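Undergrad: First, the structure itself, so that you have it in front of you.
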Amino acid sequence: MIKLQNISKSYFLGDEEVKAVNGVNLKIEDGEYIGILGSSGSGKSTLMYLIGLLEQPTVGKVFLDGKDVSKLDDDTLSHIRNKNVGFVFQQFNLINKFTVLENVLLPAKYSKVKLDFDPLERADELLKRFGIWDRRNFFPNKISGGQQQRVAIARALIMKPKVILADEPTGNIDSKTGDEIMDLLGDLNKDLKVTVIVVTHEHDVALRTKRQIYIKDGVVVKKYL
Amino acid sequence: MLMKNEFTDLLKSAFADFKRNKVRTFLTSLGIMIGVMSVVLLIALGLGLKNYLKQQFESLGANLIIIFPGNVFSSEGGAGGGFGSGFAGGADFDERDVANLQKIREADYVVPVFFKSSVVEADGERYLGYIESSNEEIFKILNLEILAGEFFTKSEVSSRSKNGVMGFTIAEKLFGQPENAVGKTVRVGDQRFRVIGVAKKKGDREMDASLIIPYKTVFGTLNPDKTFFTIYLGTKDEGNVEIVKAKAKETLLKRYKEDEFSVTEQTEILSTVDQIFGIVNSILVAIGSISLLVGGIGIMNIMYATVTERTKEVGIRRAIGATERDILTQFLAESILLSIIGGVLGLLLSTAIVLIVRIFFPAAINFFSVAITLIISSAIGIFFGVFPARRAAKLPPIEAIRYE
């Protein structure tokens, strides 16, 4: 379970303080499938990074399974991210000098605890499941956008995380492939019981999730207009 | 502590980057390579020069007192006399000095030497060797042994005979079989000499390449000024060495000023050689280190560029759970690897060069220079790598991941 308690995050642009996220309260249960919908600059990405512990709030607290994680040091946060959070980005963000398989395996290299599974086996399993196993020795720039996004999802899943955070996962691919990616995320939520949070500005993408959260000017609103 | 797996991952990751930037990697390592090469070669040449000089003096017999012009090797001044007032100026010893020194009762041998590099010709063959004109006692004082024929005698020296004794190498070069030289005639400039003996190999490059002839024979010709570079004094009794030194000094002071000559023993010369080359070597290393420093700055420069270029990668790695330390280690590993690659290349290349140079000159690579090279190049990798690596580690993950 993830709980955000009165979270604010401000940046300074020169001398001007910009509140990207302003007093957000949010509770996400394990296994939910959530869409965070907002326009560009609404603070939805910042909100996602706060949930994903890549960013620390200026004010407020983040609870992960009841534990306050908003004041932890960078090392501990990195370990929590490694173990519990899988990110999927709009630009796929694969490392181009590594092969597909190496990209998928990368999070396992940063694990500070001994894994109770064989990452290589799991990577094979995920790549087969996503139909890209035959591309495992390709470099990311040699495969299609849809395939790259599948690789990114496989990478996000390798550590058996609790949460998948997807930032505009369909933003860089055509709508048909986008549908496939959303199907895939839905299946993961259903089959693997992973919490999936999709951040998007597209209404129909958000509507494919089970619960929608609308955000505007850093504030959660009842209805997005 | 790094685990083995982590270590291979680091290497793999670093090599993946090097592969993508082959030219850049090569050029960056080149800086270190040149630096290491200059340090190693300078040490090797310094050592070589030292070995060479030591060899020269060690091949002389024991209980030997050497009289030089100038005061390079004076025991009082140590190396302080310097070369300036040494070989260049100073006394020109002549026959009168030899005669005076011969009056010292405890000196069993008094051997004047005039030494000059010369082309020696025989049967149409030419060899650039040396002529060493001296008296018959030189054979005893240099511990030379006869291989074939015989040495010239005192009476041959007095009678200005044109009989000469050849070193092993020169005889071999001119006549194929060294023994064949005996009885042959050789020519040096306008003068002809008959080879009456060949000495056994001594291991001293110059000695083995010399034609030894009676000193009076070349007066006015090859030795126009009738002077000597060196006078060796030898004693059969070790206890007399100090007495002979003192008396020789006393004798020479009647004609020369104190700083115009030096009377010294072989052991003193060796320690002075050591002393001088200790200093020479440190200076050489210091000069070589400048290029290492420049190479290190090159690495730092490239690593800063690499960090900027790979900001996004850093962001991605941080998002999937890399700690600041992981990122630091990654970049540090690359810069260390870069400089070690350069260091090893430099070492290999300078070893090759030294092996070639050894044909002419006893240059040497010792364990010390290998160890220092590897230590210095890793140290450079760490020192010049740590700042860029820290910058990478401290990048805010969000900004890094958004970086295009």
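To be explicit about the labels: the chains of the structure tokens are called A, B, and onward in the order shown, and within each one the residues are counted from 1, while ligands get numbers from 1 in the order they are shown.
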Can you write out as a Markdown table which residues of chain A fall within 7 Å of chain B, alongside each residue's closest atom pair and its distance in Å to one decimal, counting only C-alpha atoms and ordering rows by chain and ascending residue number?

TA:
```
| residue | atom | partner | partner_atom | distance |
| --- | --- | --- | --- | --- |
| A:Leu54 | CA | B:Ala319 | CA | 6.5 |
| A:Asp75 | CA | B:Thr323 | CA | 5.5 |
| A:Ser78 | CA | B:Gly321 | CA | 4.6 |
| A:His79 | CA | B:Gly321 | CA | 5.8 |
| A:Arg81 | CA | B:Gly321 | CA | 5.3 |
| A:Asn82 | CA | B:Gly321 | CA | 4.0 |
| A:Gly86 | CA | B:Ile320 | CA | 6.9 |
| A:Asn93 | CA | B:Ile316 | CA | 6.6 |
| A:Ile95 | CA | B:Glu313 | CA | 6.5 |
| A:Lys97 | CA | B:Ala16 | CA | 6.5 |
| A:Pro107 | CA | B:Ile320 | CA | 5.6 |
| A:Tyr110 | CA | B:Ala322 | CA | 5.6 |
```

Undergrad: DSSP on the backbone: what in range 26-220 of chain A comes out strand (DSSP E), as a compact mmCIF listing (two decimals) with C-alpha atoms, in the first residue's frame?

TA:
```
# COMPACT_ATOMS: atom_id res chain seq x y z
CA LEU A 26 -3.61 9.78 -2.06
CA LYS A 27 -3.97 6.16 -1.07
CA ILE A 28 -3.14 3.34 -3.45
CA TYR A 33 -4.67 -0.31 -11.68
CA ILE A 34 -4.68 3.47 -11.67
CA GLY A 35 -4.53 6.18 -14.27
CA ILE A 36 -3.20 9.60 -13.33
CA LEU A 37 -4.55 12.01 -15.87
CA VAL A 59 6.40 18.94 2.51
CA GLY A 60 4.42 15.88 3.56
CA LYS A 61 5.04 12.20 3.98
CA VAL A 62 5.15 9.13 1.78
CA PHE A 63 4.26 5.81 3.38
CA LEU A 64 5.17 2.51 1.83
CA LYS A 67 6.44 2.91 6.79
CA ASP A 68 7.42 6.54 6.38
CA VAL A 85 9.42 -0.01 -8.11
CA GLY A 86 9.59 -0.55 -11.83
CA PHE A 87 9.65 2.50 -14.12
CA VAL A 88 8.40 2.60 -17.68
CA VAL A 163 4.53 -1.19 -8.31
CA ILE A 164 4.93 -0.40 -11.99
CA LEU A 165 5.00 3.32 -12.74
CA ALA A 166 4.46 4.10 -16.39
CA ASP A 167 4.99 7.69 -17.57
CA THR A 195 0.07 -2.35 -8.81
CA VAL A 196 0.14 -0.45 -12.11
CA ILE A 197 0.05 3.33 -12.21
CA VAL A 198 -0.17 4.91 -15.65
CA VAL A 199 0.50 8.63 -16.00
CA THR A 200 -0.97 10.11 -19.15
CA ARG A 211 -9.46 4.10 -11.23
CA GLN A 212 -8.63 7.55 -12.53
CA ILE A 213 -7.07 10.37 -10.62
CA TYR A 214 -7.29 13.80 -12.19
CA ILE A 215 -4.60 16.33 -11.48
CA LYS A 216 -4.55 19.98 -12.36
CA VAL A 219 -3.81 19.51 -7.07
CA VAL A 220 -6.02 16.41 -7.27
```

Undergrad: Which is closest to Gly146 in chain A among A:Trp133, A:Phe98, A:Phe92, A:Phe117, if we use only C-alpha atoms?

TA: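 Closest to Gly146 in chain A of all the choices is A:Phe92.
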
Undergrad: Would you kindly return, as JSON, numbers by chain, each protein, DNA or RNA residue with an atom no farther than 8 Å from any atom of range 279-281 of chain B, considering only C-alpha atoms and excluding same-chain residues fewer than 6 positions away?

TA: {"B": [42, 43, 46, 47]}

Undergrad: Within range 129-246 of chain B, find each residue whose DSSP state, derived from the backbone, is helix (DSSP H, G or I), and express the selection as a VMD selection string.

TA: chain B and resid 138 to 141 154 to 158 168 to 175 178 to 181 205 to 208 215 to 218 238 to 246

Undergrad: Would you write out those residues with N, CA and C atoms, as a compact mmCIF listing (two decimals), in the first residue's frame?

TA:
```txt
# COMPACT_ATOMS: atom_id res chain seq x y z
N ILE B 138 99.66 -2.49 -18.07
CA ILE B 138 98.20 -2.40 -18.22
C ILE B 138 97.55 -3.78 -18.21
N PHE B 139 98.26 -4.77 -18.72
CA PHE B 139 97.68 -6.11 -18.79
C PHE B 139 97.44 -6.67 -17.39
N LYS B 140 98.38 -6.35 -16.50
CA LYS B 140 98.24 -6.83 -15.13
C LYS B 140 97.14 -6.08 -14.42
N ILE B 141 97.14 -4.77 -14.63
CA ILE B 141 96.21 -3.96 -13.85
C ILE B 141 94.76 -4.17 -14.29
N LYS B 154 108.07 -4.57 -21.54
CA LYS B 154 108.63 -3.26 -21.19
C LYS B 154 109.60 -2.77 -22.26
N SER B 155 110.42 -3.70 -22.74
CA SER B 155 111.42 -3.27 -23.72
C SER B 155 110.75 -2.84 -25.02
N GLU B 156 109.62 -3.46 -25.35
CA GLU B 156 108.92 -3.05 -26.57
C GLU B 156 108.31 -1.66 -26.40
N VAL B 157 107.94 -1.32 -25.15
CA VAL B 157 107.41 0.02 -24.90
C VAL B 157 108.53 1.05 -25.08
N SER B 158 109.69 0.75 -24.47
CA SER B 158 110.81 1.69 -24.55
C SER B 158 111.29 1.85 -25.99
N PHE B 168 89.21 -8.91 -27.70
CA PHE B 168 88.53 -10.06 -28.32
C PHE B 168 87.58 -9.64 -29.45
N THR B 169 86.75 -8.64 -29.18
CA THR B 169 85.70 -8.27 -30.14
C THR B 169 86.30 -7.71 -31.43
N ILE B 170 87.26 -6.81 -31.27
CA ILE B 170 87.83 -6.18 -32.47
C ILE B 170 88.54 -7.23 -33.32
N ALA B 171 89.22 -8.16 -32.67
CA ALA B 171 89.92 -9.22 -33.40
C ALA B 171 88.91 -10.10 -34.15
N GLU B 172 87.82 -10.38 -33.47
CA GLU B 172 86.77 -11.21 -34.07
C GLU B 172 86.14 -10.51 -35.27
N LYS B 173 85.89 -9.20 -35.12
CA LYS B 173 85.24 -8.46 -36.22
C LYS B 173 86.15 -8.36 -37.43
N LEU B 174 87.44 -8.19 -37.19
CA LEU B 174 88.35 -7.96 -38.32
C LEU B 174 88.83 -9.26 -38.95
N PHE B 175 88.95 -10.32 -38.13
CA PHE B 175 89.57 -11.53 -38.67
C PHE B 175 88.69 -12.77 -38.55
N PRO B 178 89.18 -14.81 -33.70
CA PRO B 178 90.08 -13.88 -33.00
C PRO B 178 91.54 -14.33 -33.05
N GLU B 179 91.75 -15.64 -32.94
CA GLU B 179 93.13 -16.15 -32.93
C GLU B 179 93.86 -15.81 -34.23
N ASN B 180 93.12 -15.70 -35.32
CA ASN B 180 93.74 -15.43 -36.62
C ASN B 180 94.44 -14.08 -36.69
N ALA B 181 94.12 -13.20 -35.74
CA ALA B 181 94.68 -11.85 -35.77
C ALA B 181 96.19 -11.87 -35.54
N ARG B 205 82.86 -3.61 -22.88
CA ARG B 205 82.68 -3.31 -24.29
C ARG B 205 83.88 -2.58 -24.90
N GLU B 206 84.36 -1.53 -24.21
CA GLU B 206 85.43 -0.74 -24.80
C GLU B 206 86.76 -1.49 -24.80
N MET B 207 87.01 -2.16 -23.68
CA MET B 207 88.25 -2.94 -23.58
C MET B 207 88.32 -3.97 -24.70
N ASP B 208 87.22 -4.67 -24.92
CA ASP B 208 87.20 -5.74 -25.91
C ASP B 208 87.29 -5.21 -27.34
N TYR B 215 102.64 3.09 -25.42
CA TYR B 215 102.23 4.49 -25.47
C TYR B 215 103.21 5.38 -26.22
N LYS B 216 104.49 5.03 -26.12
CA LYS B 216 105.47 5.92 -26.76
C LYS B 216 105.37 5.86 -28.27
N THR B 217 104.87 4.73 -28.77
CA THR B 217 104.80 4.53 -30.21
C THR B 217 103.91 5.58 -30.90
N VAL B 218 102.86 6.01 -30.19
CA VAL B 218 101.93 6.95 -30.84
C VAL B 218 102.18 8.40 -30.46
N GLU B 238 96.99 -4.60 -0.31
CA GLU B 238 95.81 -3.75 -0.12
C GLU B 238 96.06 -2.66 0.92
N GLY B 239 96.92 -3.00 1.92
CA GLY B 239 97.22 -2.06 2.99
C GLY B 239 97.91 -0.80 2.49
N ASN B 240 98.47 -0.86 1.29
CA ASN B 240 99.21 0.29 0.78
C ASN B 240 98.36 1.28 0.00
N VAL B 241 97.10 0.94 -0.22
CA VAL B 241 96.26 1.78 -1.07
C VAL B 241 96.21 3.22 -0.57
N GLU B 242 95.96 3.37 0.75
CA GLU B 242 95.84 4.72 1.30
C GLU B 242 97.16 5.50 1.21
N ILE B 243 98.25 4.79 1.47
CA ILE B 243 99.58 5.43 1.41
C ILE B 243 99.85 5.93 -0.01
N VAL B 244 99.57 5.06 -0.99
CA VAL B 244 99.82 5.44 -2.38
C VAL B 244 98.95 6.63 -2.77
N LYS B 245 97.70 6.61 -2.32
CA LYS B 245 96.81 7.73 -2.64
C LYS B 245 97.39 9.03 -2.12
N ALA B 246 97.82 8.99 -0.84
CA ALA B 246 98.34 10.20 -0.21
C ALA B 246 99.60 10.69 -0.94
```

Undergrad: Using Å and a single decimal, report how far CA of Lys3 in chain A sits from CA of Asp65 in chain A.

TA: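 If I compute the distance from CA of Asp65 in chain A to CA of Lys3 in chain A, I get 8.1 Å.
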
Undergrad: Residues near Arg129 in chain A, anyone? I mean within 10 Å using only C-alpha atoms, not counting same-chain ones fewer than 5 positions away, as a list of chain:residue names.

TA: A:Ala123, A:Asp124, A:Arg150, A:Ala154, A:Leu184

Undergrad: Please save C-alpha atoms of the selected residues as a PDB file, in the first residue's frame.

TA:
```
ATOM      1  CA  ALA A 123      14.366 -12.383 -17.956  1.00  0.00           C
ATOM      2  CA  ASP A 124      13.919 -15.230 -20.429  1.00  0.00           C
ATOM      3  CA  ARG A 150       8.099  -4.258 -24.023  1.00  0.00           C
ATOM      4  CA  ALA A 154      10.352  -6.517 -18.827  1.00  0.00           C
ATOM      5  CA  LEU A 184      -0.079  -5.877 -21.599  1.00  0.00           C
TER       6      LEU A 184
END
```

Undergrad: Mind checking which residues fall within 9 Å of Arg135 in chain A, counting only C-alpha atoms, ignoring those fewer than 3 positions away in the same chain, and posting them as a PyMOL selection string?

TA: chain A and resi 99-101+127+131-132+138-139+143+147

Undergrad: Distance CA of Asp204 in chain B-CA of Asp259 in chain B, one decimal place?

TA: 29.6 Å

Undergrad: Can you work out the spacing between CA of Ile283 in chain B and CA of Ile372 in chain B in Å, to one decimal?

TA: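 For CA of Ile283 in chain B relative to CA of Ile372 in chain B, the distance reads 15.5 Å.
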
Undergrad: Do you know which residues are at most 10 Å from Glu55 in chain A counting only C-alpha atoms, after dropping those on the same chain fewer than 5 positions away, and could you put them as a count of residues only?

TA: 11

Undergrad: May I ask which of the residues A:Glu202, A:Glu125, A:Asp74, A:Asp191 is the closest one to Thr170 in chain A, counting only C-alpha atoms?

TA: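 With only C-alpha atoms as the atom set, the closest residue is A:Glu202.
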
Undergrad: Considering only C-alpha atoms, state which residue in the set B:Phe331, B:Phe93, B:Phe228, B:Phe26 is at the smallest distance from Gly381 in chain B.

TA: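 Among the listed residues, B:Phe331 lies closest to Gly381 in chain B.
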
Undergrad: Go through B:Ser161, B:Thr267, B:Ser350, B:Gln330 one by one, measure the shortest atom-to-atom distance of each to Ala393 in chain B using only C-alpha atoms, and give the residue with the smallest value.

TA: B:Gln330

Undergrad: I'd like to know which of B:Ile327, B:Ala364, B:Ile67, B:Val119 is closest to Arg391 in chain B, using only C-alpha atoms.

TA: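 Ranking B:Ile327, B:Ala364, B:Ile67, B:Val119 by distance to Arg391 in chain B, first place goes to B:Ile327.
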
Undergrad: Residues at most 8 Å from Ser117 in chain B, counting only C-alpha atoms, excluding those fewer than 6 positions away in the same chain, as a ChimeraX atom specification?

TA: /B:128-131
